[in-house]
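K.L.:
Provided herewith: final-v2.tsv, TSV, C-alpha atoms.
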```tsv
chain	number	residue	atom	x	y	z
I	1	MET	CA	78.04	55.36	41.87
I	2	THR	CA	75.46	55.56	44.64
I	3	THR	CA	72.46	57.84	44.28
I	4	ASP	CA	74.09	60.25	46.74
I	5	GLU	CA	77.28	60.32	44.76
I	6	LYS	CA	75.37	60.92	41.57
I	7	PHE	CA	73.46	63.79	43.13
I	8	PHE	CA	76.67	65.50	44.22
I	9	ALA	CA	78.43	64.76	40.95
I	10	TRP	CA	75.51	66.54	39.27
I	11	LEU	CA	75.91	69.46	41.67
I	12	ASP	CA	79.62	69.66	40.83
I	13	GLY	CA	79.06	69.50	37.09
I	14	GLU	CA	80.68	66.08	36.81
I	15	LEU	CA	77.89	64.21	35.01
I	16	SER	CA	77.46	63.74	31.29
I	17	GLU	CA	74.85	65.88	29.60
I	18	SER	CA	72.17	63.19	29.52
I	19	GLU	CA	72.79	62.05	33.11
I	20	SER	CA	72.79	65.65	34.24
I	21	ALA	CA	69.47	66.38	32.55
I	22	ALA	CA	67.94	63.31	34.23
I	23	MET	CA	69.20	64.37	37.68
I	24	GLU	CA	67.97	67.90	37.07
I	25	ARG	CA	64.45	66.59	36.47
I	26	LYS	CA	64.65	64.39	39.54
I	27	VAL	CA	65.72	67.29	41.76
I	28	ALA	CA	63.09	69.61	40.31
I	29	ALA	CA	60.43	67.07	41.23
I	30	ASP	CA	61.68	66.56	44.79
I	31	PRO	CA	61.56	69.57	47.14
I	32	ALA	CA	63.78	67.84	49.73
I	33	LEU	CA	66.48	67.22	47.14
I	34	ALA	CA	66.12	70.76	45.82
I	35	CYS	CA	66.59	72.08	49.32
I	36	LEU	CA	69.67	69.88	49.85
I	37	ALA	CA	71.12	71.16	46.58
I	38	ASP	CA	70.66	74.75	47.77
I	39	GLU	CA	72.31	74.01	51.10
I	40	HIS	CA	75.32	72.47	49.44
I	41	ARG	CA	75.59	75.28	46.91
I	42	ALA	CA	75.60	77.70	49.83
I	43	LEU	CA	78.28	75.66	51.61
I	44	LYS	CA	80.51	75.75	48.54
I	45	ALA	CA	79.96	79.49	48.18
I	46	ARG	CA	80.87	79.95	51.82
I	47	LEU	CA	84.08	77.97	51.43
I	48	GLY	CA	84.91	80.27	48.55
I	49	ARG	CA	84.18	83.36	50.62
I	50	VAL	CA	86.42	82.32	53.49
I	51	PHE	CA	89.31	80.71	51.62
I	52	ASP	CA	89.53	82.68	48.36
I	53	PRO	CA	90.81	85.89	49.99
I	54	ILE	CA	93.91	83.91	50.98
I	55	ALA	CA	94.71	83.17	47.35
I	56	GLU	CA	94.17	86.84	46.54
I	57	ALA	CA	96.20	88.25	49.43
I	58	PRO	CA	99.85	89.20	48.98
I	59	LEU	CA	102.25	86.55	50.22
I	60	PRO	CA	103.80	87.18	53.62
I	61	GLN	CA	107.43	88.26	53.43
I	62	HIS	CA	108.94	85.02	54.67
I	63	LEU	CA	107.18	83.13	51.88
I	64	GLN	CA	108.48	85.56	49.29
I	65	ALA	CA	111.93	85.11	50.79
I	66	ALA	CA	111.63	81.33	50.46
I	67	LEU	CA	111.34	81.87	46.71
I	68	ARG	CA	114.17	84.34	46.46
I	69	GLU	CA	116.72	82.34	48.41
I	70	PRO	CA	116.14	78.73	47.49
I	71	GLU	CA	119.66	77.70	48.42
I	72	ALA	CA	119.77	79.60	51.67
I	73	GLU	CA	118.48	77.09	54.13
I	74	VAL	CA	116.69	73.80	54.16
I	75	VAL	CA	113.86	74.16	56.61
I	76	ASP	CA	112.41	71.05	58.12
I	77	PHE	CA	108.70	71.74	58.44
I	78	GLY	CA	108.29	69.48	61.44
I	79	ALA	CA	111.25	71.03	63.20
I	80	ALA	CA	109.90	74.52	62.58
I	81	GLN	CA	106.62	73.48	64.16
I	82	ARG	CA	108.31	71.92	67.15
I	83	ARG	CA	110.40	75.03	67.65
I	84	ARG	CA	107.29	77.14	67.62
I	85	ALA	CA	105.44	74.82	69.96
I	86	ALA	CA	108.40	74.86	72.32
I	87	ARG	CA	108.58	78.63	72.20
I	88	PHE	CA	104.93	79.08	73.01
I	89	SER	CA	104.79	76.51	75.72
I	90	TRP	CA	107.38	78.25	77.84
I	91	SER	CA	106.03	79.06	81.20
I	92	VAL	CA	105.54	82.59	82.41
I	93	PRO	CA	108.47	82.49	84.87
I	94	GLN	CA	110.77	81.50	82.02
I	95	TRP	CA	109.43	84.39	80.06
I	96	SER	CA	109.98	86.77	82.92
I	97	ALA	CA	113.58	85.64	83.17
I	98	ILE	CA	114.11	86.16	79.48
I	99	ALA	CA	112.36	89.47	79.54
I	100	ALA	CA	114.52	90.53	82.45
I	101	THR	CA	117.64	89.53	80.55
I	102	LEU	CA	116.50	91.55	77.58
I	103	ALA	CA	115.62	94.46	79.77
I	104	VAL	CA	119.07	94.45	81.31
I	105	GLY	CA	120.62	94.23	77.87
I	106	ILE	CA	118.73	97.26	76.75
I	107	LEU	CA	119.49	99.09	79.95
I	108	VAL	CA	123.18	98.57	79.51
I	109	GLY	CA	123.06	99.15	75.80
I	110	THR	CA	120.87	102.13	75.20
I	111	MET	CA	119.71	103.62	78.45
I	112	VAL	CA	121.47	105.39	81.25
I	113	PRO	CA	119.84	104.24	84.46
I	114	GLN	CA	121.59	106.75	86.70
I	115	ARG	CA	120.04	109.82	85.13
I	116	SER	CA	116.78	111.18	86.37
I	117	THR	CA	115.36	111.09	82.84
I	118	SER	CA	115.96	107.37	82.37
I	119	PRO	CA	112.67	105.61	81.66
I	120	VAL	CA	113.58	102.79	84.04
I	121	ALA	CA	115.16	102.39	87.46
I	122	ILE	CA	116.25	99.34	89.42
I	123	GLU	CA	114.73	98.81	92.83
I	124	GLY	CA	115.43	95.71	94.88
I	125	GLY	CA	116.60	93.81	91.84
I	126	HIS	CA	113.49	94.61	89.84
I	127	VAL	CA	113.20	97.02	86.97
I	128	TYR	CA	110.60	99.76	87.45
I	129	ALA	CA	109.32	102.43	85.11
I	130	ALA	CA	110.68	105.87	85.97
I	131	ALA	CA	110.39	109.47	84.83
I	132	ALA	CA	108.35	109.93	81.63
I	133	LEU	CA	107.55	106.23	81.31
I	134	ASP	CA	106.24	106.03	84.89
I	135	GLN	CA	104.22	109.17	84.32
I	136	ALA	CA	102.73	107.94	81.08
I	137	LEU	CA	101.81	104.56	82.56
I	138	SER	CA	100.08	106.22	85.50
I	139	ALA	CA	98.39	109.08	83.70
I	140	GLU	CA	97.77	108.27	80.08
I	141	LEU	CA	94.82	106.51	78.51
I	142	ALA	CA	95.14	104.62	75.26
I	143	SER	CA	91.85	106.19	74.26
I	144	ALA	CA	93.31	109.68	74.70
I	145	PRO	CA	97.02	109.58	73.85
I	146	GLY	CA	99.17	112.41	75.21
I	147	LYS	CA	101.83	114.38	73.43
I	148	GLY	CA	104.79	112.53	74.95
I	149	ASP	CA	107.02	109.95	73.37
I	150	VAL	CA	105.40	107.07	75.25
I	151	ARG	CA	102.33	105.46	73.73
I	152	ILE	CA	100.13	103.24	75.83
I	153	GLY	CA	98.88	100.10	74.09
I	154	ILE	CA	96.53	97.80	75.94
I	155	THR	CA	95.61	97.51	79.60
I	156	PHE	CA	94.56	94.27	81.28
I	157	ARG	CA	94.89	92.18	84.43
I	158	ASP	CA	97.45	89.41	84.80
I	159	GLN	CA	96.76	86.07	86.47
I	160	SER	CA	97.51	87.51	89.92
I	161	GLY	CA	95.03	90.35	89.37
I	162	ALA	CA	97.64	93.09	88.90
I	163	ILE	CA	96.97	95.67	86.21
I	164	CYS	CA	99.40	95.55	83.29
I	165	ARG	CA	99.87	97.97	80.43
I	166	SER	CA	101.82	97.61	77.22
I	167	PHE	CA	103.69	100.65	75.96
I	168	SER	CA	105.93	101.72	73.14
I	169	GLN	CA	108.57	104.37	72.86
I	170	SER	CA	110.71	105.37	69.94
I	171	ALA	CA	113.34	102.71	70.56
I	172	ALA	CA	111.53	100.02	72.46
I	173	SER	CA	108.22	98.58	73.51
I	174	GLY	CA	107.34	96.64	76.59
I	175	LEU	CA	104.98	95.56	79.30
I	176	ALA	CA	104.73	96.88	82.85
I	177	CYS	CA	102.51	95.68	85.70
I	178	ARG	CA	101.45	97.62	88.75
I	179	ASP	CA	102.60	96.58	92.23
I	180	SER	CA	102.95	98.43	95.52
I	181	LYS	CA	106.19	100.08	94.44
I	182	GLY	CA	105.14	101.23	91.02
I	183	TRP	CA	105.14	99.90	87.47
I	184	GLN	CA	107.36	96.86	87.34
I	185	VAL	CA	108.71	96.31	83.84
I	186	ARG	CA	108.02	92.69	82.85
I	187	GLY	CA	109.53	92.92	79.41
I	188	LEU	CA	111.26	95.42	77.22
I	189	PHE	CA	111.99	94.79	73.56
I	190	ALA	CA	114.14	96.88	71.28
I	191	ALA	CA	112.34	98.14	68.17
I	192	PRO	CA	113.46	96.30	65.03
I	193	GLU	CA	116.48	97.79	63.31
I	194	GLY	CA	115.55	100.79	61.22
I	195	GLN	CA	112.16	101.20	62.85
I	196	GLY	CA	113.26	103.27	65.80
I	197	GLY	CA	111.47	106.57	65.88
I	198	THR	CA	108.69	105.45	63.59
I	199	TYR	CA	107.78	102.30	65.49
I	200	ARG	CA	104.36	102.64	66.94
I	201	MET	CA	102.11	100.22	68.70
I	202	ALA	CA	99.38	100.96	66.18
I	203	ALA	CA	101.59	99.66	63.40
I	204	GLY	CA	101.57	96.25	65.03
I	205	MET	CA	102.85	95.02	68.34
I	206	ASP	CA	106.36	93.60	68.48
I	207	PRO	CA	105.84	89.80	68.16
I	208	ASN	CA	107.86	89.10	71.31
I	209	LEU	CA	105.80	91.60	73.24
I	210	ALA	CA	102.59	90.15	71.79
I	211	THR	CA	103.62	86.72	73.05
I	212	LEU	CA	104.46	88.05	76.50
I	213	VAL	CA	101.10	89.86	76.61
I	214	ASN	CA	99.29	86.67	75.60
I	215	LEU	CA	101.02	84.70	78.31
I	216	THR	CA	100.41	87.34	80.96
I	217	MET	CA	96.86	88.36	80.25
I	218	ASP	CA	93.99	86.90	82.21
I	219	GLY	CA	90.64	87.48	80.50
I	220	GLU	CA	90.20	90.32	78.05
I	221	ALA	CA	91.95	93.63	77.50
I	222	PHE	CA	90.18	96.61	79.06
I	223	ASP	CA	87.94	98.73	76.94
I	224	ALA	CA	88.10	102.53	77.17
I	225	ALA	CA	85.64	102.72	80.08
I	226	GLN	CA	87.40	100.00	82.09
I	227	GLU	CA	90.76	101.69	81.47
I	228	LYS	CA	89.38	104.99	82.72
I	229	ALA	CA	87.85	103.36	85.80
I	230	ALA	CA	91.11	101.56	86.58
I	231	LYS	CA	92.98	104.86	86.44
I	232	ALA	CA	90.44	106.43	88.81
I	233	ARG	CA	91.09	103.60	91.27
I	234	GLY	CA	94.84	104.21	91.10
I	235	TRP	CA	95.47	101.09	88.98
I	236	ARG	CA	94.59	98.75	91.86
B	1	MET	CA	103.71	81.04	21.41
B	2	ASP	CA	104.67	82.87	24.53
B	3	GLN	CA	108.11	82.48	25.96
B	4	PRO	CA	107.86	79.85	28.71
B	5	LEU	CA	108.16	81.42	32.13
B	6	SER	CA	110.82	80.26	34.50
B	7	PHE	CA	110.10	77.59	37.06
B	8	GLU	CA	110.49	80.14	39.87
B	9	SER	CA	107.97	82.57	38.47
B	10	ASP	CA	105.48	79.80	37.77
B	11	LEU	CA	105.91	78.61	41.32
B	12	ALA	CA	105.54	82.14	42.65
B	13	ALA	CA	102.32	82.57	40.68
B	14	LEU	CA	100.89	79.35	42.12
B	15	LEU	CA	101.96	79.94	45.69
B	16	PRO	CA	98.90	81.99	46.74
B	17	ARG	CA	96.64	79.10	45.64
B	18	LEU	CA	98.84	76.62	47.47
B	19	ARG	CA	98.62	78.80	50.52
B	20	ARG	CA	94.83	78.66	50.30
B	21	PHE	CA	95.00	74.84	50.09
B	22	ALA	CA	97.34	74.84	53.10
B	23	HIS	CA	94.75	76.83	55.07
B	24	ALA	CA	92.07	74.31	54.17
B	25	LEU	CA	94.27	71.48	55.48
B	26	SER	CA	95.81	73.13	58.55
B	27	ARG	CA	94.51	73.97	61.98
B	28	ASN	CA	95.79	77.54	61.90
B	29	SER	CA	97.46	80.13	59.71
B	30	ALA	CA	100.92	79.66	61.20
B	31	ASP	CA	100.89	75.95	60.35
B	32	ALA	CA	99.50	76.76	56.91
B	33	ASP	CA	102.30	79.19	56.18
B	34	ASP	CA	104.94	76.74	57.44
B	35	LEU	CA	103.45	74.15	55.13
B	36	THR	CA	103.44	76.57	52.20
B	37	GLN	CA	107.06	77.47	52.81
B	38	ALA	CA	108.14	73.83	53.14
B	39	THR	CA	106.33	73.07	49.87
B	40	ALA	CA	108.05	75.90	48.01
B	41	GLU	CA	111.42	74.76	49.33
B	42	ARG	CA	110.90	71.13	48.44
B	43	ALA	CA	109.65	72.10	44.97
B	44	LEU	CA	112.75	74.21	44.36
B	45	ARG	CA	115.06	71.43	45.55
B	46	ASN	CA	113.28	68.76	43.50
B	47	ARG	CA	112.54	70.82	40.40
B	48	ALA	CA	114.38	68.30	38.25
B	49	GLN	CA	111.67	65.77	39.09
B	50	TRP	CA	108.93	67.84	37.51
B	51	GLU	CA	108.28	66.83	33.91
B	52	PRO	CA	107.82	69.90	31.72
B	53	GLY	CA	104.59	69.62	29.81
B	54	THR	CA	102.74	68.14	32.78
B	55	ARG	CA	100.72	70.30	35.12
B	56	LEU	CA	102.92	72.14	37.56
B	57	ASP	CA	99.98	72.93	39.84
B	58	SER	CA	99.08	69.25	40.33
B	59	TRP	CA	102.73	68.44	41.03
B	60	LEU	CA	102.92	71.19	43.66
B	61	TYR	CA	99.61	70.22	45.27
B	62	ARG	CA	100.89	66.66	45.52
B	63	ILE	CA	104.07	67.84	47.24
B	64	MET	CA	102.04	69.87	49.70
B	65	ARG	CA	99.65	67.03	50.39
B	66	ASN	CA	102.49	64.57	51.00
B	67	LEU	CA	104.29	67.00	53.31
B	68	TRP	CA	101.04	67.49	55.17
B	69	ILE	CA	100.50	63.74	55.60
B	70	ASP	CA	104.07	63.41	56.92
B	71	THR	CA	103.42	66.20	59.37
B	72	VAL	CA	100.14	64.75	60.57
B	73	ARG	CA	101.78	61.36	61.12
B	74	ALA	CA	104.75	62.85	62.90
B	75	ARG	CA	102.44	64.93	65.05
B	76	GLY	CA	100.32	61.89	65.86
B	77	ARG	CA	103.38	60.09	67.18
B	78	ARG	CA	104.64	63.11	69.05
B	79	ASP	CA	101.30	63.99	70.59
B	80	LYS	CA	101.15	60.57	72.17
B	81	VAL	CA	104.14	61.39	74.33
B	82	GLU	CA	103.68	65.14	74.66
B	83	ALA	CA	100.49	66.89	75.64
B	84	PRO	CA	98.98	68.74	72.69
B	85	ALA	CA	100.27	72.28	72.75
B	86	GLU	CA	96.93	73.98	72.98
B	87	LEU	CA	98.58	77.23	73.90
B	88	ALA	CA	100.69	77.08	70.77
B	89	GLU	CA	97.53	76.52	68.80
B	90	ARG	CA	95.85	79.52	70.32
B	91	LEU	CA	98.88	81.76	69.90
B	92	GLY	CA	99.50	80.51	66.42
B	93	GLU	CA	96.24	82.01	65.27
B	94	ASP	CA	97.34	85.58	65.30
B	95	SER	CA	97.90	86.47	61.69
B	96	ALA	CA	95.88	89.20	60.06
B	97	ILE	CA	94.32	86.73	57.68
B	98	GLU	CA	92.61	85.00	60.58
B	99	ALA	CA	91.04	88.23	61.65
B	100	SER	CA	88.17	86.72	59.70
B	101	ILE	CA	86.10	84.99	62.34
B	102	ASP	CA	84.29	82.99	59.71
B	103	LEU	CA	87.60	81.62	58.39
B	104	LYS	CA	88.47	80.46	61.92
B	105	ARG	CA	85.09	78.82	62.27
B	106	VAL	CA	85.30	77.04	58.95
B	107	MET	CA	88.91	75.97	59.57
B	108	ALA	CA	87.88	74.55	62.93
B	109	ALA	CA	85.07	72.58	61.31
B	110	MET	CA	87.41	71.31	58.60
B	111	GLN	CA	89.77	70.11	61.31
B	112	ARG	CA	87.05	67.84	62.64
B	113	LEU	CA	86.82	65.98	59.35
B	114	PRO	CA	88.93	62.85	58.99
B	115	GLU	CA	92.15	63.60	57.12
B	116	GLU	CA	91.13	61.68	54.00
B	117	GLN	CA	87.84	63.55	53.72
B	118	ARG	CA	89.40	66.94	54.39
B	119	GLU	CA	91.90	66.66	51.56
B	120	VAL	CA	89.19	65.68	49.08
B	121	VAL	CA	86.87	68.49	50.21
B	122	SER	CA	89.79	70.94	50.03
B	123	LEU	CA	90.90	69.93	46.55
B	124	ILE	CA	87.45	69.81	44.98
B	125	LEU	CA	85.32	72.34	46.85
B	126	VAL	CA	88.02	74.87	47.79
B	127	GLU	CA	90.60	74.47	45.04
B	128	GLY	CA	88.18	73.65	42.24
B	129	PHE	CA	89.79	70.47	40.95
B	130	GLY	CA	87.59	68.04	39.03
B	131	TYR	CA	86.96	64.57	40.44
B	132	ARG	CA	89.35	62.95	37.98
B	133	GLU	CA	92.09	65.50	38.59
B	134	ALA	CA	91.75	65.08	42.34
B	135	ALA	CA	91.79	61.28	42.00
B	136	GLU	CA	94.99	61.42	39.94
B	137	LEU	CA	96.59	63.84	42.33
B	138	LEU	CA	95.77	61.66	45.32
B	139	GLU	CA	96.45	58.44	43.40
B	140	LEU	CA	93.06	57.07	44.36
B	141	PRO	CA	90.21	55.51	42.35
B	142	ILE	CA	87.67	58.13	41.36
B	143	GLY	CA	84.93	56.22	43.20
B	144	THR	CA	86.86	56.55	46.45
B	145	VAL	CA	87.25	60.28	45.93
B	146	SER	CA	83.57	60.62	45.13
B	147	SER	CA	82.39	58.73	48.22
B	148	ARG	CA	84.81	60.57	50.54
B	149	LEU	CA	83.59	63.84	49.11
B	150	VAL	CA	79.96	62.93	49.88
B	151	ARG	CA	80.79	62.04	53.48
B	152	GLY	CA	83.09	65.03	53.99
B	153	ARG	CA	80.77	67.71	52.65
B	154	THR	CA	77.75	66.20	54.44
B	155	ALA	CA	79.61	66.29	57.76
B	156	LEU	CA	80.90	69.79	57.07
B	157	LEU	CA	77.42	71.09	56.26
B	158	ALA	CA	76.13	69.60	59.50
B	159	MET	CA	78.86	71.45	61.41
B	160	VAL	CA	78.73	74.86	59.78
B	161	GLY	CA	75.31	74.91	58.16
B	162	GLU	CA	73.51	76.19	61.24
B	163	GLN	CA	75.91	79.04	62.00
```
Would you kindly transcribe this structure into structure tokens?
P.N.:
Amino acid sequence: MTTDEKFFAWLDGELSESESAAMERKVAADPALACLADEHRALKARLGRVFDPIAEAPLPQHLQAALREPEAEVVDFGAAQRRRAARFSWSVPQWSAIAATLAVGILVGTMVPQRSTSPVAIEGGHVYAAAALDQALSAELASAPGKGDVRIGITFRDQSGAICRSFSQSAASGLACRDSKGWQVRGLFAAPEGQGGTYRMAAGMDPNLATLVNLTMDGEAFDAAQEKAAKARGWR
Amino acid sequence: MDQPLSFESDLAALLPRLRRFAHALSRNSADADDLTQATAERALRNRAQWEPGTRLDSWLYRIMRNLWIDTVRARGRRDKVEAPAELAERLGEDSAIEASIDLKRVMAAMQRLPEEQREVVSLILVEGFGYREAAELLELPIGTVSSRLVRGRTALLAMVGEQ
């Protein structure tokens, strides 16, 4: 064992009583060693502070499920990672196409685009916010939520400089970005089964929407003052 | 003597600790949770290979460590042909547990340690295994574990000590 190794073994309580007593005397007589011992004790304490909460936290649901259904599915760890990497490395245009597909699905499935109260309308092949959704996107501030069904989440600029806002309604949440014609809906995601009505942005953004937001956002989300200023400028 | 608990409940009780170990090894929480899940699944499939009377925790840590090594090797090969998915890395770090900035910082520093130092630092300084236990778990001579631990913790202190 080198001197270094012996010093650390002492620090970790790995030495015999007599060896430990000898090292203790050596450290007490050497301020540099004493200082090093303190630094390493602090490092170990810090590792405990950052990692121990994980062992004390409740397990995420999918991990609990892995225990409950051992026969259900054999998951290849590498494959799961590759799937995730593939999912996140999709380009924005691909995302837009998927979002558009989803939006159309929801339109056909749960919304009636011909009515004046429909939250979306199709203009020139693009989906735009309409009625209450359009109003909320133009008028509401996340910092001062209105009484309507639509909640505004975060506001930010996309890579082209357009202002985008995430929103949630009872049955869906989505992302819309401002252009010359209005609020173009970039993505619309149905609320998970059983969460309609109670689903709120504050309870956690839909993971698909969160991914779309991450891919769209350039820089940081607006704070309350920036959001207010953007509204005053007509979202330009 | 208490009634022995079932394998499943013992595994369930150890899973939070394994998840902590996975965080010490992995570059982000999403990878750590994938690793934890894969470990639980492999343990359940291979439960017949565990010898009752031996330590279940060491057996599980060994499974996790071996899965991790496989993953790192597979990734090494894959990353040579594909650009590293930095975006995936960034987006992977979105779980509530990583809301802790300090955890992110420490995980990032741990990532910069060579694999063989990181696993020793994780087992001994994070998971609290003794040198001998860690050496048995890793199937290494205790002297090797001890010298890797010195190098690993010294490098780690240099990286995070000033923050």
K.L.:
With chain I as the partner and 6 Å as the cut-off, tabulate the residues of chain B that qualify, each row holding the nearest pair of atoms and their distance in Å to one decimal, using all atoms listed in the file, sorted by chain and rising number, as a tab-separated table.
P.N.:
```
residue	atom	partner	partner_atom	distance
B:Pro16	CA	I:Ala55	CA	4.4
B:Arg17	CA	I:Ala55	CA	4.8
B:Arg20	CA	I:Ile54	CA	5.4
B:Gln37	CA	I:Leu63	CA	5.7
B:Ala38	CA	I:Phe77	CA	5.7
B:Ala88	CA	I:Phe88	CA	5.2
B:Leu103	CA	I:Val50	CA	5.1
```
K.L.:
Counting only C-alpha atoms, which of I:Met217, I:Ala190, I:Ala142, I:Leu137 gets nearest to I:Trp235?
P.N.:
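Checking each candidate against I:Trp235, we get I:Leu137 as the closest.
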K.L.:
Measuring between all atoms listed in the file, which one of B:Phe7, B:Met159, B:Ala135, B:Arg153 shows the shortest distance to B:Ala48?
P.N.:
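The closest residue to B:Ala48 is B:Phe7.
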K.L.:
Ranking B:Leu125, B:Ala22, B:Val120, B:Ala74 by minimum distance to B:Val145 and counting all atoms listed in the file, which one comes first?
P.N.:
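When distances to B:Val145 are compared using all atoms listed in the file, the smallest one comes from B:Val120.
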K.L.:
Excluding I:Thr216 and residues on its chain fewer than 2 positions from it, collect all residues at most 8 Å away from it, counting all atoms listed in the file, and give them as an MDAnalysis selection string.
P.N.:
chainID I and resid 92 158:159 212:214 218
K.L.:
Can you measure atom CA of B:Ser147 to atom CA of B:Leu60 for me? One decimal in Å is fine.
P.N.:
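One can read the atom CA of B:Ser147 to atom CA of B:Leu60 distance as 24.4 Å.
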K.L.:
List the neighbours of B:Val121 out to 9 Å using only C-alpha atoms; skip same-chain residues closer than 5 positions along the sequence, and give me the result as a list in words.
P.N.:
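Within the cut-off, the hits are Ala24, Met110, Glu116, Val126, Glu127, Arg148, Leu149, Val150, Gly152 and Arg153 of chain B.
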K.L.:
With C-alpha atoms retained, export the selected residues as a CSV table (one decimal), keeping the file's coordinate frame.
P.N.:
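Contents of out.csv, freshly written:
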```csv
chain,number,residue,atom,x,y,z
B,24,ALA,CA,92.1,74.3,54.2
B,110,MET,CA,87.4,71.3,58.6
B,116,GLU,CA,91.1,61.7,54.0
B,126,VAL,CA,88.0,74.9,47.8
B,127,GLU,CA,90.6,74.5,45.0
B,148,ARG,CA,84.8,60.6,50.5
B,149,LEU,CA,83.6,63.8,49.1
B,150,VAL,CA,80.0,62.9,49.9
B,152,GLY,CA,83.1,65.0,54.0
B,153,ARG,CA,80.8,67.7,52.6
```
